[in-house]
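Read through the structure below, which is laid out as structure tokens, and then see the notes.
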Amino acid sequence: MRQTTKSELEFKQSNNVFPGGVNSPVRAFGSVGGTPLFIDKAKGSHIYDVDGNDYVDYVLSWGPMILGHAQDKVVKSVMETAQKGTSFGAPSPLETELASWVKKRVPSIETMRMVNSGTEATMSAIRLARGYTKREKFIKFNGCYHGHSDSFLVNAGSGVATFELEDSPGVPKELIKATLSLDFNDLEAVEEAFKRYPEEIAAVIIEPIAGNMGLIPAKPEFLKGIRRLTKEYGALFIFDEVMTGFRCDYDSAQGLYGIDPDLTTLGKVVGGGLPAAVFGGKKKYMDQIAPVGAVYQAGTLSGNPLAMAAGIATLEQLTKEDYEEMNKKVLRLTDGIKEIANQHHIPIQVSARGTMWGFFFNESPVIDFKTSKASDQHFFSHFHKEMLNQGIYLSPSQFETNFMSTAHTNEDIEKTLQAFNETFEALAKKGIVYEGK
Ligand SMILES: *Cc1c(COP(=O)(O)O)cnc(C)c1O
């Protein structure tokens, strides 16, 4: 039997110093119950808790660790960079080097700013869109998560969905009026909003492959339609690729869908496991940012050399073939999961895009936040706990995505499929069955 006594002790202590014992809500395991695992170390596709348990990790720090944990070249580069100083508060060549990787892989980005988190990137992108268009409203979609800045906390995904905090206290009502939150994949709703406010909408921001209400790719016509409408009404189209950037595909989501957005936000993979993020896009918009323009944005640790080094070391190693390989592994895994769930008569909706994958315990196709929320949460929470017992670390919420790395082996995947099988069996024995919402 798996021991978690040390994690439990750590959790008790951390509860004395952090709200809920954690520094980011979903880490608290709120929707699956039990104690979050306190991590000692990780290497490749495996993560080890303080009790010494070994898990195959599909959370991968929520996406960034695309080469697996503590990858040799990334670690070496960070260590060598640290020896030369960890922060200067002045420009360094590493920033330009990472930027050239970003431009190469995401050609819609002509110029950019380095920031420290996805939250900063999206917050700044919206400010820029508002500053450029001199309009205040913007459109987002229910179940999409764009970080935790005020304007985005309306029907948001990720932890906001997990903890059912649809509208966060502390966000001024006046500000929220400027956020129009519409149903994902509903182009008519976007069209209606533009007709209603033809000269008030600064931007449409979207997760082109939503990963914070479970994994739900946008329909291609939906994105094309938004591109057309934003042009027609003079609003900016912002692709929030904090999760999908360098993740879903070699060319990110915009390459996959063939859409040329005005602004893009990146995070997660771009920092290679250290805090770095990017917002960027067409130069004519980016030139509104201070010191060239008047839209203010700044950061003491922005472009931090360690984060730049980790980002560069990550991006320079990734080839198109790596993405194909990872995708093959994802398909093997998700096809296997479907088959096993079918054998156990458990309704499941499985989705996979490139190196991202997810599943819902749900009888009906999941296309938006509403259908995502109709999944069996109770069953999932028991399922998640049993998967941990089987040595598999999955995202602790149905509203989160799982990931694949280049470090995952066929053995890992076999082990994972076997764990699904044994977990479903164990749950059936305990009388825990799918009941729907
Ligand atoms: C993770 C995420 C963010 C927020 O990034 P942080 O670095 O956690 O602030 C924003 N948008 C999307 C799509 C994300 O997945």
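We label chains A, B, ... in the order they appear in the structure tokens, count residues from 1 in each chain, and number ligands from 1 in the order shown.
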
Can you pull out every residue with an atom within 7 Å of ligand 1? Use only C-alpha atoms and all ligand atoms and format it as a list in words. Ser117, Gly118, Thr119, Glu120, Thr122, Tyr145, His146, Gly147, His148, Glu207, Gly211, Asn212, Asp240, Glu241, Val242, Met243, Gly267 and Lys268 of chain A

Only N, CA and C atoms, please: the residues just picked out, written as a PDB file, in the first residue's frame.
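Below is the file that was written, out.pdb:
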```pdb
ATOM      1  N   SER A 117       5.110  35.527 -16.230  1.00  0.00           N
ATOM      2  CA  SER A 117       4.029  34.544 -16.097  1.00  0.00           C
ATOM      3  C   SER A 117       2.996  34.767 -17.190  1.00  0.00           C
ATOM      4  N   GLY A 118       2.219  33.726 -17.430  1.00  0.00           N
ATOM      5  CA  GLY A 118       1.142  33.831 -18.412  1.00  0.00           C
ATOM      6  C   GLY A 118       0.145  34.906 -18.027  1.00  0.00           C
ATOM      7  N   THR A 119      -0.101  35.023 -16.735  1.00  0.00           N
ATOM      8  CA  THR A 119      -1.026  36.045 -16.236  1.00  0.00           C
ATOM      9  C   THR A 119      -0.588  37.440 -16.681  1.00  0.00           C
ATOM     10  N   GLU A 120       0.693  37.718 -16.511  1.00  0.00           N
ATOM     11  CA  GLU A 120       1.220  39.018 -16.936  1.00  0.00           C
ATOM     12  C   GLU A 120       1.076  39.204 -18.446  1.00  0.00           C
ATOM     13  N   THR A 122      -1.139  37.893 -20.634  1.00  0.00           N
ATOM     14  CA  THR A 122      -2.503  38.146 -21.111  1.00  0.00           C
ATOM     15  C   THR A 122      -3.011  39.493 -20.606  1.00  0.00           C
ATOM     16  N   TYR A 145      -9.272  29.914 -19.558  1.00  0.00           N
ATOM     17  CA  TYR A 145      -8.526  30.517 -18.459  1.00  0.00           C
ATOM     18  C   TYR A 145      -7.404  31.349 -19.051  1.00  0.00           C
ATOM     19  N   HIS A 146      -7.335  32.604 -18.626  1.00  0.00           N
ATOM     20  CA  HIS A 146      -6.273  33.476 -19.136  1.00  0.00           C
ATOM     21  C   HIS A 146      -5.460  34.070 -17.994  1.00  0.00           C
ATOM     22  N   GLY A 147      -5.237  33.275 -16.952  1.00  0.00           N
ATOM     23  CA  GLY A 147      -4.524  33.796 -15.803  1.00  0.00           C
ATOM     24  C   GLY A 147      -5.496  34.464 -14.849  1.00  0.00           C
ATOM     25  N   HIS A 148      -4.957  35.055 -13.774  1.00  0.00           N
ATOM     26  CA  HIS A 148      -5.834  35.493 -12.691  1.00  0.00           C
ATOM     27  C   HIS A 148      -5.965  37.005 -12.584  1.00  0.00           C
ATOM     28  N   GLU A 207      -8.374  30.734 -25.993  1.00  0.00           N
ATOM     29  CA  GLU A 207      -7.475  29.582 -26.011  1.00  0.00           C
ATOM     30  C   GLU A 207      -7.891  28.775 -27.249  1.00  0.00           C
ATOM     31  N   GLY A 211      -7.648  24.330 -22.852  1.00  0.00           N
ATOM     32  CA  GLY A 211      -7.047  23.292 -22.012  1.00  0.00           C
ATOM     33  C   GLY A 211      -7.357  23.472 -20.545  1.00  0.00           C
ATOM     34  N   ASN A 212      -8.211  24.435 -20.238  1.00  0.00           N
ATOM     35  CA  ASN A 212      -8.502  24.721 -18.843  1.00  0.00           C
ATOM     36  C   ASN A 212      -9.944  24.416 -18.466  1.00  0.00           C
ATOM     37  N   ASP A 240      -4.360  33.237 -27.015  1.00  0.00           N
ATOM     38  CA  ASP A 240      -3.674  32.898 -25.770  1.00  0.00           C
ATOM     39  C   ASP A 240      -3.099  31.494 -25.924  1.00  0.00           C
ATOM     40  N   GLU A 241      -1.816  31.466 -26.258  1.00  0.00           N
ATOM     41  CA  GLU A 241      -1.121  30.182 -26.453  1.00  0.00           C
ATOM     42  C   GLU A 241      -0.161  29.906 -25.293  1.00  0.00           C
ATOM     43  N   VAL A 242      -0.522  30.401 -24.105  1.00  0.00           N
ATOM     44  CA  VAL A 242       0.319  30.121 -22.940  1.00  0.00           C
ATOM     45  C   VAL A 242       0.459  28.604 -22.759  1.00  0.00           C
ATOM     46  N   MET A 243      -0.639  27.888 -22.970  1.00  0.00           N
ATOM     47  CA  MET A 243      -0.548  26.429 -22.850  1.00  0.00           C
ATOM     48  C   MET A 243      -0.157  25.766 -24.168  1.00  0.00           C
ATOM     49  N   GLY A 267       3.674  31.111 -22.732  1.00  0.00           N
ATOM     50  CA  GLY A 267       4.168  30.891 -21.369  1.00  0.00           C
ATOM     51  C   GLY A 267       4.576  29.438 -21.271  1.00  0.00           C
ATOM     52  N   LYS A 268       4.532  28.889 -20.090  1.00  0.00           N
ATOM     53  CA  LYS A 268       4.788  27.458 -19.901  1.00  0.00           C
ATOM     54  C   LYS A 268       6.014  26.971 -20.679  1.00  0.00           C
TER      55      LYS A 268
END
```

Give me every alpha helix (DSSP H) residue in segment 346-433 of chain A, going by DSSP on the backbone, as a PyMOL selection string. chain A and resi 369-373+377-389+410-429

Those same residues - C-alpha atoms - I'd like them written as an mmCIF file, in the first residue's frame.
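Output file selection-v1.cif follows:
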```cif
data_model
loop_
_atom_site.group_PDB
_atom_site.id
_atom_site.type_symbol
_atom_site.label_atom_id
_atom_site.label_comp_id
_atom_site.auth_asym_id
_atom_site.auth_seq_id
_atom_site.Cartn_x
_atom_site.Cartn_y
_atom_site.Cartn_z
ATOM 1 C CA PHE A 369 -17.888 24.623 -20.691
ATOM 2 C CA LYS A 370 -21.480 23.480 -20.164
ATOM 3 C CA THR A 371 -20.888 20.026 -21.605
ATOM 4 C CA SER A 372 -17.566 19.775 -19.784
ATOM 5 C CA LYS A 373 -19.233 20.504 -16.450
ATOM 6 C CA GLN A 377 -16.832 14.538 -10.969
ATOM 7 C CA HIS A 378 -17.467 12.073 -8.169
ATOM 8 C CA PHE A 379 -16.293 9.133 -10.247
ATOM 9 C CA PHE A 380 -13.269 11.094 -11.398
ATOM 10 C CA SER A 381 -12.153 11.859 -7.866
ATOM 11 C CA HIS A 382 -12.132 8.161 -6.889
ATOM 12 C CA PHE A 383 -10.518 7.303 -10.180
ATOM 13 C CA HIS A 384 -7.743 9.865 -9.662
ATOM 14 C CA LYS A 385 -6.897 8.569 -6.184
ATOM 15 C CA GLU A 386 -6.692 4.984 -7.394
ATOM 16 C CA MET A 387 -4.487 5.994 -10.334
ATOM 17 C CA LEU A 388 -2.058 7.500 -7.811
ATOM 18 C CA ASN A 389 -2.036 4.167 -5.994
ATOM 19 C CA ASN A 410 6.563 2.933 -24.352
ATOM 20 C CA GLU A 411 6.985 1.249 -20.997
ATOM 21 C CA ASP A 412 5.426 4.277 -19.269
ATOM 22 C CA ILE A 413 2.468 4.086 -21.611
ATOM 23 C CA GLU A 414 1.997 0.357 -21.092
ATOM 24 C CA LYS A 415 2.136 0.913 -17.351
ATOM 25 C CA THR A 416 -0.424 3.711 -17.625
ATOM 26 C CA LEU A 417 -2.854 1.621 -19.648
ATOM 27 C CA GLN A 418 -2.515 -1.216 -17.200
ATOM 28 C CA ALA A 419 -3.198 1.242 -14.382
ATOM 29 C CA PHE A 420 -6.417 2.394 -16.104
ATOM 30 C CA ASN A 421 -7.520 -1.214 -16.328
ATOM 31 C CA GLU A 422 -6.716 -2.010 -12.712
ATOM 32 C CA THR A 423 -8.224 1.229 -11.478
ATOM 33 C CA PHE A 424 -11.538 0.578 -13.225
ATOM 34 C CA GLU A 425 -11.530 -2.945 -11.775
ATOM 35 C CA ALA A 426 -10.724 -1.723 -8.276
ATOM 36 C CA LEU A 427 -13.472 0.892 -8.420
ATOM 37 C CA ALA A 428 -16.035 -1.631 -9.660
ATOM 38 C CA LYS A 429 -15.125 -3.932 -6.768
#
```

What lies within 10 Å of Ala298 of chain A using only C-alpha atoms, ignoring chain neighbours under 3 positions off, as a short mmCIF file (atom, residue, chain, number, x, y, z; two decimals) with N, CA, C and O atoms, in the first residue's frame?
```
data_model
loop_
_atom_site.label_atom_id
_atom_site.label_comp_id
_atom_site.auth_asym_id
_atom_site.auth_seq_id
_atom_site.Cartn_x
_atom_site.Cartn_y
_atom_site.Cartn_z
N ARG A 113 7.42 41.22 -25.85
CA ARG A 113 7.96 41.52 -24.53
C ARG A 113 8.06 40.22 -23.75
O ARG A 113 7.16 39.40 -23.79
N MET A 114 9.17 40.06 -23.04
CA MET A 114 9.32 38.94 -22.11
C MET A 114 8.72 39.35 -20.77
O MET A 114 9.00 40.45 -20.29
N VAL A 115 7.93 38.48 -20.19
CA VAL A 115 7.39 38.71 -18.85
C VAL A 115 7.62 37.44 -18.03
O VAL A 115 8.30 36.51 -18.51
N GLU A 120 0.69 37.72 -16.51
CA GLU A 120 1.22 39.02 -16.94
C GLU A 120 1.08 39.20 -18.45
O GLU A 120 0.78 40.30 -18.92
N SER A 124 -1.27 42.11 -20.04
CA SER A 124 -0.63 43.18 -20.81
C SER A 124 -1.18 43.22 -22.24
O SER A 124 -1.33 44.30 -22.82
N ILE A 289 3.63 50.05 -26.91
CA ILE A 289 4.15 49.76 -25.56
C ILE A 289 5.29 50.72 -25.22
O ILE A 289 6.13 51.01 -26.07
N ALA A 290 5.31 51.19 -23.96
CA ALA A 290 6.40 52.06 -23.49
C ALA A 290 7.73 51.31 -23.58
O ALA A 290 7.76 50.10 -23.36
N PRO A 291 8.84 51.92 -23.94
CA PRO A 291 9.04 53.36 -24.07
C PRO A 291 8.74 53.92 -25.46
O PRO A 291 8.84 55.13 -25.64
N LEU A 301 12.14 41.48 -13.00
CA LEU A 301 12.83 40.24 -13.35
C LEU A 301 12.53 39.77 -14.78
O LEU A 301 12.92 38.67 -15.17
N SER A 302 11.85 40.61 -15.55
CA SER A 302 11.50 40.20 -16.92
C SER A 302 12.74 39.91 -17.75
O SER A 302 13.72 40.65 -17.70
#
```

Rank nothing, just name the residue among A:Leu175, A:Thr35, A:Gly273, A:Gly131 nearest to His69 of chain A, using only C-alpha atoms.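 Of A:Leu175, A:Thr35, A:Gly273, A:Gly131, the one nearest His69 of chain A, counting only C-alpha atoms, is A:Gly273.
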
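Taking atom CA of Pro261 of chain A as the reference point, atom CA of Phe403 of chain A is found at 24.7 Å.
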
Using only C-alpha atoms, can you tell me which of A:Lys41, A:Lys73, A:Lys173, A:Arg135 comes closest to Gln317 of chain A? A:Lys73

Could you name the residues that touch Asp150 of chain A at 8 Å or less, counting only C-alpha atoms, but leaving out those on the same chain fewer than 5 positions away, as a VMD selection string? chain A and resid 171 to 172 175 to 176

Same residues, C-alpha atoms, saved as a PDB file, in the first residue's frame:
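As written to disk, result_35.pdb reads:
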```pdb
ATOM      1  CA  VAL A 171     -13.024  42.114  -8.811  1.00  0.00           C
ATOM      2  CA  PRO A 172     -14.793  45.483  -9.298  1.00  0.00           C
ATOM      3  CA  LEU A 175     -14.567  46.267 -14.589  1.00  0.00           C
ATOM      4  CA  ILE A 176     -16.492  43.042 -15.115  1.00  0.00           C
TER       5      ILE A 176
END
```

Could you produce a table of the residues of segment 156-256 of chain A lying within 12 Å of segment 87-102 of chain A, with the nearest pair of atoms per residue and their separation in Å rounded to one decimal, using only C-alpha atoms, ordered by chain and increasing residue number, as a tab-separated table?
```
residue	atom	partner	partner_atom	distance
A:Gly245	CA	A:Val102	CA	9.6
A:Phe246	CA	A:Val102	CA	9.1
A:Tyr250	CA	A:Val102	CA	11.5
A:Asp251	CA	A:Val102	CA	10.3
A:Ser252	CA	A:Val102	CA	10.6
```

For the selection you just gave me, I'd like the residues written to a file as a short mmCIF file (atom, residue, chain, number, x, y, z; two decimals), in the first residue's frame, keeping all heavy atoms.
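Written out: result_28.cif:
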```cif
data_model
loop_
_atom_site.label_atom_id
_atom_site.label_comp_id
_atom_site.auth_asym_id
_atom_site.auth_seq_id
_atom_site.Cartn_x
_atom_site.Cartn_y
_atom_site.Cartn_z
N GLY A 245 1.32 27.01 -26.91
CA GLY A 245 2.52 27.46 -27.60
C GLY A 245 3.67 26.48 -27.45
O GLY A 245 4.01 26.10 -26.33
N PHE A 246 4.24 26.04 -28.55
CA PHE A 246 5.32 25.03 -28.61
C PHE A 246 4.87 23.71 -27.99
O PHE A 246 5.69 22.88 -27.63
CB PHE A 246 6.58 25.52 -27.86
CG PHE A 246 6.99 26.91 -28.22
CD1 PHE A 246 6.89 27.94 -27.30
CD2 PHE A 246 7.46 27.19 -29.48
CE1 PHE A 246 7.26 29.23 -27.64
CE2 PHE A 246 7.83 28.48 -29.83
CZ PHE A 246 7.73 29.51 -28.90
N TYR A 250 4.47 21.61 -33.46
CA TYR A 250 5.71 22.35 -33.70
C TYR A 250 5.40 23.82 -33.99
O TYR A 250 6.11 24.71 -33.55
CB TYR A 250 6.47 21.73 -34.88
CG TYR A 250 7.82 22.37 -35.13
CD1 TYR A 250 8.96 21.94 -34.44
CD2 TYR A 250 7.97 23.40 -36.05
CE1 TYR A 250 10.20 22.52 -34.64
CE2 TYR A 250 9.20 24.00 -36.27
CZ TYR A 250 10.31 23.56 -35.57
OH TYR A 250 11.52 24.14 -35.77
N ASP A 251 4.34 24.06 -34.75
CA ASP A 251 3.98 25.42 -35.16
C ASP A 251 2.93 26.07 -34.25
O ASP A 251 2.30 27.05 -34.66
CB ASP A 251 3.48 25.42 -36.60
CG ASP A 251 4.55 24.96 -37.56
OD1 ASP A 251 5.69 25.45 -37.45
OD2 ASP A 251 4.27 24.09 -38.41
N SER A 252 2.73 25.51 -33.08
CA SER A 252 1.73 26.01 -32.13
C SER A 252 0.32 25.98 -32.75
O SER A 252 0.14 25.51 -33.87
CB SER A 252 2.09 27.41 -31.63
OG SER A 252 3.36 27.37 -30.99
#
```

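Computed from the coordinates, the atom CA of Thr179 of chain A to atom CA of Glu200 of chain A distance equals 11.2 Å.
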
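The space separating atom CA of Val330 of chain A from atom CA of Lys219 of chain A comes to 20.5 Å.
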
Given the choices A:Ala28, A:Lys140, A:Met404, A:Gly391, which gets closest to Met1 of chain A if the distance is worked out from only C-alpha atoms?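 Ranking A:Ala28, A:Lys140, A:Met404, A:Gly391 by distance to Met1 of chain A, first place goes to A:Gly391.
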
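When only C-alpha atoms are used to compute distances to Gly255 of chain A, the closest of the residues A:Val106, A:Gly303, A:Glu199, A:Glu8 turns out to be A:Val106.
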
Show which residues sit within 6 Å of Ile209 of chain A, as a ChimeraX atom specification. Count only C-alpha atoms, and ignore same-chain residues fewer than 3 positions away. /A:216-218

Which of these residues is nearest to Lys224 of chain A, using only C-alpha atoms: A:Ser24, A:Ser395, A:Gln288, A:Asn185? A:Asn185

Selection near Pro36 of chain A, 10 Å with only C-alpha atoms, sequence-local residues under 6 positions removed, as a PyMOL selection string: chain A and resi 4+7-8+10-11+21-22+26-30+49+396

Keeping only N, CA and C atoms, take the residues you just selected and write them out as a CSV table (one decimal), in the first residue's frame.
```csv
chain,number,residue,atom,x,y,z
A,4,THR,N,1.7,7.8,2.4
A,4,THR,CA,1.8,9.2,2.1
A,4,THR,C,2.0,10.0,3.4
A,7,SER,N,4.0,13.4,3.1
A,7,SER,CA,3.2,14.4,2.4
A,7,SER,C,2.1,15.0,3.3
A,8,GLU,N,1.5,14.1,4.1
A,8,GLU,CA,0.4,14.6,5.0
A,8,GLU,C,1.0,15.5,6.1
A,10,GLU,N,3.8,17.3,5.8
A,10,GLU,CA,4.1,18.6,5.0
A,10,GLU,C,2.9,19.4,4.8
A,11,PHE,N,1.8,18.8,4.5
A,11,PHE,CA,0.6,19.5,4.2
A,11,PHE,C,0.0,20.2,5.4
A,21,GLY,N,-2.8,25.6,2.1
A,21,GLY,CA,-1.6,24.9,2.1
A,21,GLY,C,-0.8,24.9,0.8
A,22,VAL,N,-1.3,25.7,-0.1
A,22,VAL,CA,-0.6,25.7,-1.4
A,22,VAL,C,-0.4,27.1,-2.0
A,26,VAL,N,-5.2,24.7,-7.7
A,26,VAL,CA,-5.5,23.4,-8.1
A,26,VAL,C,-4.5,22.4,-7.5
A,27,ARG,N,-3.4,22.9,-7.0
A,27,ARG,CA,-2.4,22.0,-6.3
A,27,ARG,C,-3.0,21.4,-5.1
A,28,ALA,N,-4.1,22.0,-4.5
A,28,ALA,CA,-4.6,21.5,-3.3
A,28,ALA,C,-5.4,20.2,-3.4
A,29,PHE,N,-5.6,19.7,-4.6
A,29,PHE,CA,-6.3,18.4,-4.8
A,29,PHE,C,-7.8,18.6,-4.4
A,30,GLY,N,-8.3,19.8,-4.4
A,30,GLY,CA,-9.6,20.1,-3.9
A,30,GLY,C,-10.7,19.2,-4.5
A,49,ASP,N,7.5,11.7,-4.8
A,49,ASP,CA,7.1,12.5,-3.7
A,49,ASP,C,8.0,12.3,-2.5
A,396,PRO,N,-5.2,16.7,-11.4
A,396,PRO,CA,-6.1,16.4,-10.3
A,396,PRO,C,-7.5,17.1,-10.5
```
